[in-house]
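What follows is a short report on a single structure.
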Amino acid sequence: MKSNRRASWKEWFVTSPSLFWLSFFFVIPTLLVFAIAFKPANPYGGIGKGWSLQTLFHLANPNYPSILWRTLWISLLTTVICLVLAVPTGYHIARLKPRVRQLVLLLVIVPFWTSFLVRIFAWKILLHPEGFVKRALVMVGLAGPESILMYNSAAVLLVMVYTYLPFSILPIYAAAEKYDFRLSEAARDLGAGAVRTFFSVFLPAIRRGILTSVLVVFIPALGSYVIPDIVGGPGSEMMGNKIAQRVFVDRNLPHAAALSALLILAVMAPLVMVLLLQRNRVKNDPFISEDS
Amino acid sequence: MKRSRFPLIVTLLVLLFFYLPIMVLVINSFNASRFGSGWEGFSLIWYRRLFDSPEIWRAVQNSLVIAFGATLLSLLLGTTAAFALHKYARSRLQRSHYLLIYTPLVVPEILTGISLLMFFVALGWELGLWTIFLSHVTFCISYVAMVVLARLQDFDYSIVEASQDLGADWLTTARKVLLPMLAPGLTAGGLLAFTLSIDDFVISFFVAGPGSTTLPIRIYSMIKHGSPPMINALSTLLLVITFSAVVVSQRVGEGTPPGS
């Protein structure tokens with residue numbers, strides 16, 4: 001399987017354009033973030049000369065641990081809520097008749113392609129003090145006329161679930177579509193209840209889809225910036241907001257770099273974990289066909 | 001076997017959840033009321049205001065120029081990448097190459113944005129349309145490569161060999177055999193790149209300079225400080241365009257879910 005022969009010039013020829021482009025515009029910039037974290041800031045909003053540990057002391061800011069913690073919490077909750085909604089939805093779509101399935105799938109894909117800002121803005125209108133949701137809640141007595149639905153962590157969570165749910169459903173559906181539903185029937189015939197069949201037969205079979213789904217929600221969620229910026233308030237800031245503030249408000253690039261480096265490490269942890277999990281499972285998994 | 005109603009109910013709620021905000025937004029775009037607090041009659045005033053706004057048109061123009069350019073270049077780079085990955089699969093070089101193509105897909109946008117900003121600042125390049133274009137090409141390559149690669153999986157190389165055996169030169173083979181076979185993959189990849197570029201806010205915002213406002217950057221500043229009804233109208237127009245594009249790409253792509 002592994003061939004360790006030297007690459008031919010033909011191979012280099014087709015590989016080099018993308019290889020060089022991404023090395024130049026992706027690898028070097030990413031490494032640069034770590035380097036700039038150890039640079040001083042200059043007063044003109046650029047990067048100063050020499051090296052410094054000054055920025056690392058900035059990171060000792062007492063606000064940061066709670067913001068990092070909140071970022072992890074909101075991202076984790078978003079991922080779990082998305083999964084809880086995506087698994088039954090993906091399951092249901094996979095069981096639909098082909099024609100209806102195409103339609104429902106289209107309905108899931110449209111928000112996926114719809115402008116990200118437009119979807120966030122739609123919620124800003126709904127949650128607005130004069131908006132539809134607020135008035136509906138006041139009418140049924142679930143909210144007082146003075147309560148504020150926006151500018152808090154709950155609003156951020158709600159809009160994050162709204163934004164990432166399509167990303168969560170698609171991998172689950174893709175896995176459920178490949179699942180042989182006769183396995184569930186067999187389990188039922190052998191006496192397992194519906195719930196048990198679902199948890200011990202269906203879920204393990206689509207675990208790869210679940211892993212992908214977790215990954216495509218959790219990682220972008222960690223880097224959220226626009227959602228807490230638009231529907232969140234001072235009490236619901238996330239790491240992304242702090243990075244953006246360092247760039248756009250006080251124009252301290254080394255400080256922004258240090259925060260980004262922290263975020264990169266936070267992103268790497270779940271990624272490496274999932275990759276290792278997948279590697280172990282692919283080896284002896286009867287359900288996984290070699291794809292993607 | 002009796003099937004549970006639960007998944008059906010969840011699916012219906014999810015679809016309602018997806019479309020309720022969008023529907024309220026579309027309806028409000030025809031509302032004469034300035035704050036959208038109540039229905040004050042049907043009106044197209046916000047659409048007229050939108051069409052009369054020169055800033056919007058400038059932003060649309062910038063976005064289109066960047067999206068067309070980024071789509072073309074990323075199609076070129078992404079397709080060659082997919083070819084290399086497919087043809088020399090499992091060579092040592094391609095394993096690193098694959099990692100390099102795959103990683104940008106899982107990096108949160110804000111990190112891509114900030115690292116490119118640092119890069120351009122460190123190089124002393126002036127921020128503007130040009131830096132937005134370079135950034136868009138960078139994140140589009142990976143998406144195009146993945147979409148085209150998925151198409152190449154069921155690509156039969158013996159047809160290319162047959163063409164060459166029958167005496168066609170390299171150029172003829174590329175034009176008459178390769179291109180028609182790859183057309184659906186290229187269309188899907190191109191559409192994806194175009195949509196991603198047109199819609200990108202976070203990365204563009206970081207690497208934009210004065211005078212390089214794209215449509216999403218304009219929408220963002222309107223959300224932060226502008227008039228909501230005009231954004232409703234603009235959003236409705238964007239929704240119509242997106243919806244048509246999705247229907248078209250579904251026809252072309254025939255059931256491949258995007259982003260998979």
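Following the order of the structure tokens, first chain is A, next is B, and so on, with residues numbered from 1 inside each chain and ligands from 1 in the order they appear.
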
Counting only C-alpha atoms, what are the residues of stretch 27-93 of chain A within 12 Å of stretch 208-227 of chain A, and for each of them which pair of atoms is the nearest and at what distance in Å, to one decimal? Sort the table by chain and rising number, as a Markdown table.
| residue | atom | partner | partner_atom | distance |
| --- | --- | --- | --- | --- |
| A:Ile67 | CA | A:Leu222 | CA | 11.3 |
| A:Leu68 | CA | A:Leu222 | CA | 9.4 |
| A:Trp69 | CA | A:Leu222 | CA | 10.7 |
| A:Arg70 | CA | A:Leu222 | CA | 9.9 |
| A:Thr71 | CA | A:Leu222 | CA | 6.1 |
| A:Leu72 | CA | A:Leu222 | CA | 6.6 |
| A:Trp73 | CA | A:Leu222 | CA | 9.3 |
| A:Ile74 | CA | A:Ala221 | CA | 8.0 |
| A:Ser75 | CA | A:Ala221 | CA | 5.1 |
| A:Leu76 | CA | A:Phe218 | CA | 6.5 |
| A:Leu77 | CA | A:Phe218 | CA | 9.1 |
| A:Thr78 | CA | A:Phe218 | CA | 7.5 |
| A:Thr79 | CA | A:Phe218 | CA | 5.6 |
| A:Val80 | CA | A:Val214 | CA | 8.0 |
| A:Ile81 | CA | A:Val217 | CA | 10.4 |
| A:Cys82 | CA | A:Val217 | CA | 8.0 |
| A:Leu83 | CA | A:Val214 | CA | 7.3 |
| A:Val84 | CA | A:Ile210 | CA | 10.5 |
| A:Leu85 | CA | A:Ser213 | CA | 11.6 |
| A:Ala86 | CA | A:Ser213 | CA | 8.7 |
| A:Val87 | CA | A:Ile210 | CA | 8.1 |
| A:Pro88 | CA | A:Ile210 | CA | 11.9 |
| A:Gly90 | CA | A:Gly209 | CA | 10.0 |
| A:Tyr91 | CA | A:Gly209 | CA | 11.4 |

Give me, as a Markdown table, the closest atom pair and its distance (Å, one decimal) for every residue of chain A within a cut-off of 6 Å of chain B, counting only C-alpha atoms, rows sorted by chain and rising number.
| residue | atom | partner | partner_atom | distance |
| --- | --- | --- | --- | --- |
| A:Ser3 | CA | B:Ser91 | CA | 5.6 |
| A:Asn4 | CA | B:Arg92 | CA | 5.9 |
| A:Val14 | CA | B:Ala84 | CA | 5.6 |
| A:Thr15 | CA | B:Ala84 | CA | 5.5 |
| A:Ser18 | CA | B:Leu77 | CA | 5.4 |
| A:Pro29 | CA | B:Ser115 | CA | 4.9 |
| A:Thr30 | CA | B:Ser115 | CA | 5.5 |
| A:Val33 | CA | B:Ser115 | CA | 5.8 |
| A:Pro88 | CA | B:Pro7 | CA | 4.6 |
| A:Thr89 | CA | B:Thr11 | CA | 4.7 |
| A:His92 | CA | B:Pro7 | CA | 5.4 |
| A:Ser115 | CA | B:Asp199 | CA | 5.7 |
| A:Val118 | CA | B:Ser235 | CA | 5.8 |
| A:Ala122 | CA | B:Pro21 | CA | 5.4 |
| A:Glu130 | CA | B:Ser37 | CA | 5.3 |
| A:Pro220 | CA | B:Pro108 | CA | 4.8 |
| A:Gly223 | CA | B:Pro108 | CA | 5.2 |

Give me, as a ChimeraX atom specification, the residues of stretch 67-167 of chain A that a backbone DSSP run labels helix (DSSP H, G or I). /A:67-95,98-113,116-127,132-139,153-167

In Å, how far is it from atom CA of B:Leu171 to atom CA of A:Trp12?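 Between atom CA of B:Leu171 and atom CA of A:Trp12 the gap is 19.9 Å.
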
Using only C-alpha atoms, find the one residue out of A:Val159, A:Phe24, A:Phe181, A:Gln245 that sits nearest to A:Phe121. A:Val159

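Shortest atom-to-atom contact with A:Gly48 among A:Met273, A:Pro254, A:Leu259, A:Phe198: A:Pro254, counting only C-alpha atoms.
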
Which residue of B:Leu99, B:Val144, B:Leu191, B:Ala174 approaches A:Trp113 most closely, using only C-alpha atoms: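 Comparing B:Leu99, B:Val144, B:Leu191, B:Ala174 against A:Trp113, the winner is B:Leu191.
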
How many Å lie between atom CA of B:Cys140 and atom CA of B:Leu75, rounded to one decimal?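 Computed distance, atom CA of B:Cys140 to atom CA of B:Leu75, equals 8.2 Å.
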